[in-house]
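Structure data (compact mmCIF, C-alpha atoms) from final-v7.txt:
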# COMPACT_ATOMS: atom_id res chain seq x y z
CA MET A 10 8.46 -24.26 -15.22
CA THR A 11 5.30 -22.18 -14.99
CA ARG A 12 3.34 -20.92 -17.96
CA THR A 13 2.72 -17.22 -17.47
CA ASN A 14 0.95 -14.72 -19.69
CA ALA A 15 0.45 -10.98 -19.93
CA TYR A 16 -2.97 -11.27 -18.26
CA THR A 17 -1.49 -12.80 -15.09
CA LEU A 18 1.24 -10.18 -14.88
CA LEU A 19 -1.23 -7.34 -15.48
CA CYS A 20 -3.45 -8.68 -12.66
CA VAL A 21 -0.43 -8.68 -10.37
CA ALA A 22 0.50 -5.15 -11.46
CA ILE A 23 -3.05 -3.84 -10.90
CA ARG A 24 -3.16 -5.33 -7.41
CA ALA A 25 0.29 -3.94 -6.60
CA VAL A 26 -0.80 -0.45 -7.68
CA VAL A 27 -3.95 -0.79 -5.56
CA VAL A 28 -1.84 -1.68 -2.51
CA TRP A 29 0.46 1.28 -3.19
CA PHE A 30 -2.45 3.71 -3.51
CA PHE A 31 -4.15 2.33 -0.39
CA ALA A 32 -0.93 2.71 1.61
CA SER A 33 -0.62 6.27 0.29
CA LEU A 34 -4.21 6.92 1.37
CA LEU A 35 -3.28 5.83 4.91
CA LEU A 36 -0.65 8.57 4.97
CA THR A 37 -3.37 11.23 4.76
CA LEU A 38 -5.02 10.07 7.99
CA PRO A 39 -2.75 11.88 10.52
CA GLY A 40 -3.57 15.27 9.01
CA ILE A 41 -7.29 14.51 8.88
CA LEU A 42 -7.40 13.16 12.43
CA LEU A 43 -5.37 16.00 13.92
CA GLY A 44 -7.50 18.58 12.09
CA GLY A 45 -10.67 16.93 13.41
CA ARG A 46 -9.31 16.77 16.96
CA ASN A 47 -8.75 20.51 17.00
CA GLY A 48 -12.26 21.27 15.72
CA GLY A 49 -10.97 22.38 12.35
CA TYR A 50 -13.89 20.83 10.51
CA GLU A 51 -17.42 22.12 10.67
CA GLY A 52 -20.79 20.65 9.72
CA GLY A 53 -20.89 19.36 6.16
CA VAL A 54 -17.11 19.54 5.78
CA VAL A 55 -16.77 16.47 8.01
CA TRP A 56 -18.82 14.40 5.57
CA LEU A 57 -16.83 15.78 2.66
CA ILE A 58 -13.59 14.69 4.30
CA VAL A 59 -14.97 11.27 5.28
CA GLY A 60 -16.13 10.85 1.69
CA ALA A 61 -12.73 11.94 0.40
CA VAL A 62 -11.18 9.04 2.31
CA LEU A 63 -13.92 6.42 1.92
CA PHE A 64 -14.61 6.90 -1.79
CA PRO A 65 -11.02 6.17 -2.88
CA ALA A 66 -10.86 3.26 -0.40
CA VAL A 67 -14.03 1.73 -1.90
CA MET A 68 -12.75 2.30 -5.46
CA LEU A 69 -9.44 0.66 -4.55
CA GLY A 70 -11.30 -2.28 -3.01
CA LEU A 71 -13.32 -2.72 -6.20
CA ALA A 72 -10.17 -2.48 -8.34
CA TRP A 73 -8.60 -5.18 -6.15
CA LEU A 74 -11.62 -7.45 -6.44
CA PHE A 75 -12.05 -6.95 -10.17
CA ALA A 76 -8.38 -6.77 -11.21
CA ASP A 77 -8.95 -9.74 -13.51
CA LYS A 78 -11.82 -7.95 -15.29
CA LEU A 79 -9.72 -4.79 -15.67
CA ALA A 80 -6.85 -6.83 -17.09
CA ARG A 81 -9.17 -8.51 -19.61
CA LEU A 82 -10.46 -5.11 -20.72
CA ALA A 83 -6.93 -3.79 -21.12
CA LEU A 84 -5.64 -6.70 -23.19
CA ALA A 85 -6.98 -7.56 -26.63
CA ARG A 86 -5.97 -11.22 -26.21
CA PRO A 87 -5.48 -11.96 -22.50
CA GLN A 88 -3.84 -15.33 -23.11
CA GLU A 89 -1.23 -13.95 -25.51
CA PRO A 90 1.76 -13.77 -25.28
CA VAL A 91 2.56 -16.84 -23.22
CA PHE A 92 6.06 -17.44 -21.90
CA ASP A 93 7.74 -19.90 -19.59
CA SER A 94 8.82 -18.59 -16.23
CA ARG A 95 10.29 -20.14 -13.14
CA ILE A 96 8.43 -17.56 -11.06
CA GLU A 97 4.84 -18.19 -9.99
CA ALA A 98 2.30 -15.35 -10.07
CA ASN A 99 2.30 -15.42 -6.27
CA ALA A 100 6.04 -14.72 -6.26
CA TRP A 101 5.54 -11.84 -8.71
CA LEU A 102 3.05 -10.32 -6.27
CA GLY A 103 5.51 -10.73 -3.39
CA LEU A 104 8.17 -9.03 -5.50
CA ALA A 105 5.76 -6.18 -6.29
CA PHE A 106 5.01 -5.75 -2.56
CA SER A 107 8.74 -5.61 -1.84
CA ILE A 108 9.20 -2.96 -4.54
CA ILE A 109 6.43 -0.91 -2.93
CA GLY A 110 8.26 -1.26 0.39
CA ALA A 111 11.50 -0.06 -1.19
CA TYR A 112 9.67 2.94 -2.66
CA PHE A 113 8.24 3.88 0.75
CA LEU A 114 11.65 3.38 2.38
CA PHE A 115 13.26 5.81 -0.07
CA GLN A 116 10.43 8.28 0.62
CA VAL A 117 11.11 7.99 4.37
CA LEU A 118 14.83 8.52 3.88
CA ARG A 119 14.15 11.55 1.68
CA ASP A 120 11.67 13.11 4.13
CA ALA A 121 13.48 12.29 7.40
CA VAL A 122 16.28 14.86 7.13
CA PRO A 123 14.06 17.92 6.52
CA LEU A 124 11.75 16.72 9.30
CA LEU A 125 14.70 16.38 11.67
CA VAL A 126 15.82 19.94 10.85
CA GLN A 127 12.24 21.15 11.43
CA TRP A 128 12.18 19.32 14.79
CA ILE A 129 15.44 20.99 15.89
CA MET A 130 14.13 24.42 14.89
CA LEU A 131 10.80 23.86 16.70
CA SER A 132 12.60 22.57 19.80
CA ARG A 133 14.59 25.77 20.04
CA ALA A 134 11.62 28.03 19.30
CA THR A 135 9.13 26.34 21.63
CA ALA A 136 11.26 25.45 24.63
CA GLY A 137 8.94 24.53 27.49
CA SER A 138 5.64 24.92 25.62
CA LEU A 139 3.19 22.29 24.39
CA TRP A 140 3.80 20.92 20.90
CA LEU A 141 0.15 20.27 20.19
CA GLU A 142 -0.76 23.82 19.30
CA GLY A 143 0.27 26.58 16.94
CA ASP A 144 3.15 26.17 14.54
CA SER A 145 3.98 22.60 15.56
CA GLN A 146 0.83 21.03 14.07
CA PRO A 147 2.24 20.66 10.54
CA PHE A 148 5.32 19.08 12.09
CA LEU A 149 3.20 16.59 14.06
CA ILE A 150 1.22 15.69 10.95
CA ASN A 151 4.40 15.15 8.94
CA ALA A 152 6.01 13.17 11.75
CA ALA A 153 2.98 10.89 12.13
CA SER A 154 2.84 10.35 8.37
CA LEU A 155 6.55 9.57 8.31
CA VAL A 156 6.16 6.99 11.09
CA ILE A 157 3.25 5.33 9.25
CA GLU A 158 5.27 5.38 6.03
CA ALA A 159 8.28 3.80 7.78
CA VAL A 160 6.10 1.04 9.24
CA LEU A 161 4.54 0.36 5.83
CA ALA A 162 8.00 0.33 4.24
CA GLY A 163 9.20 -2.25 6.74
CA ILE A 164 6.13 -4.44 6.36
CA PHE A 165 6.10 -4.37 2.55
CA LEU A 166 9.86 -4.62 2.08
CA LEU A 167 10.54 -7.33 4.63
CA GLN A 168 7.28 -9.27 4.39
CA GLY A 169 6.43 -8.96 0.66
CA PRO A 170 6.42 -12.72 -0.02
CA GLY A 171 4.53 -13.38 3.22
CA LEU A 172 1.90 -10.82 2.26
CA ALA A 173 1.55 -12.48 -1.14
CA ARG A 174 0.98 -15.85 0.57
CA LEU A 175 -1.57 -14.20 2.86
CA VAL A 176 -3.40 -12.74 -0.14
CA HIS A 177 -3.36 -16.15 -1.82
CA ARG A 178 -4.75 -17.77 1.32
CA TRP A 179 -7.53 -15.15 1.59
CA ARG A 180 -8.43 -15.60 -2.05
CA TYR A 181 -8.17 -19.37 -2.46
CA GLY A 182 -8.22 -20.67 1.11
CA ARG A 183 -4.91 -22.53 0.87
CA GLN A 184 -1.27 -22.00 0.10
CA PRO A 185 0.12 -22.71 -3.38
CA ASP A 186 2.37 -25.51 -2.03
CA GLU A 187 -0.60 -27.02 -0.14
CA GLN A 188 -2.40 -27.64 -3.45
CA HIS A 189 0.06 -30.29 -4.55
CA GLN A 190 0.30 -32.23 -1.29
CA ALA A 191 -1.61 -35.47 -0.99
CA PRO A 192 -4.10 -35.72 1.90
CA GLU A 193 -2.92 -37.85 4.80
What is this file in structure tokens?
Amino acid sequence: MTRTNAYTLLCVAIRAVVVWFFASLLLTLPGILLGGRNGGYEGGVVWLIVGAVLFPAVMLGLAWLFADKLARLALARPQEPVFDSRIEANAWLGLAFSIIGAYFLFQVLRDAVPLLVQWIMLSRATAGSLWLEGDSQPFLINAASLVIEAVLAGIFLLQGPGLARLVHRWRYGRQPDEQHQAPE
């Protein structure tokens, strides 16, 4: 039985929200890249757009690194309440990643049907012409975002516990079950 407290769960929740926001930030990249490829950005606007992507990414990175500090600020008594749980904090994080994956999967399912209808309409309207110009650009942006979202959904939903172990290894340098093994 593991002793868990509100502080630990809030740290897990903060990190899960950071992952969700970062994945959502990735979904803006197809539109930005396609707009830049077509010369849609001029001069100082490029730096504004780069800043609009980098600033949130840096803030999310800081929130990830200092999730424990944010949790301490949010809780009056970080160690209270304490409860017994059979689930380790690492497993909570894996569960949170899987929930994020389910959320993205439902988003993909919701957005796939209208995108399919748009594809059929564009196919009929632009028979024989290139899809990289004119009215098809919003479709291409939405399609690329949907593909990225589907990949993220698969990774988070199917590999949530594995991602949590990877995060634990990055943070502590070893797996939770490796801590209790005696050296050979």
| request: Record the distance separating atom CA of Leu35 of chain A and atom CA of Val126 of chain A, expressed in Å with one decimal. | output: 24.5 Å
| Exercise: Ala121 of chain A partners within 10 Å, all atoms listed in the file, chain neighbours under 3 positions left out, as a PyMOL selection string | chain A and resi 115-118+124-127+151-152+155-156+159
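With atom CA of Arg180 of chain A on one side and atom CA of Asn99 of chain A on the other, the separation reads 11.5 Å.
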| Hey, which of A:Tyr181, A:Ala105, A:Pro147, A:Gly163 ends up closest to Trp29 of chain A? Count only C-alpha atoms. | A:Ala105
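You can rank A:Ile150, A:Leu161, A:Ile23, A:Leu167 by their closest distance to Ala80 of chain A using all atoms listed in the file, and at the top of that list sits A:Ile23.
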| field | Non-local contacts of Trp128 of chain A (10 Å; all atoms listed in the file; under 3 positions in same chain excluded) as a list in words | value | Val122, Pro123, Leu124, Leu125, Leu131, Ser132, Arg133, Ala134, Ser145, Phe148, Leu149 and Ala152 of chain A
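Remark: for Ala15 of chain A, the closest of the candidate residues A:Ala32, A:Val67, A:Leu84, A:Phe75 is A:Leu84 (distances computed over only C-alpha atoms).
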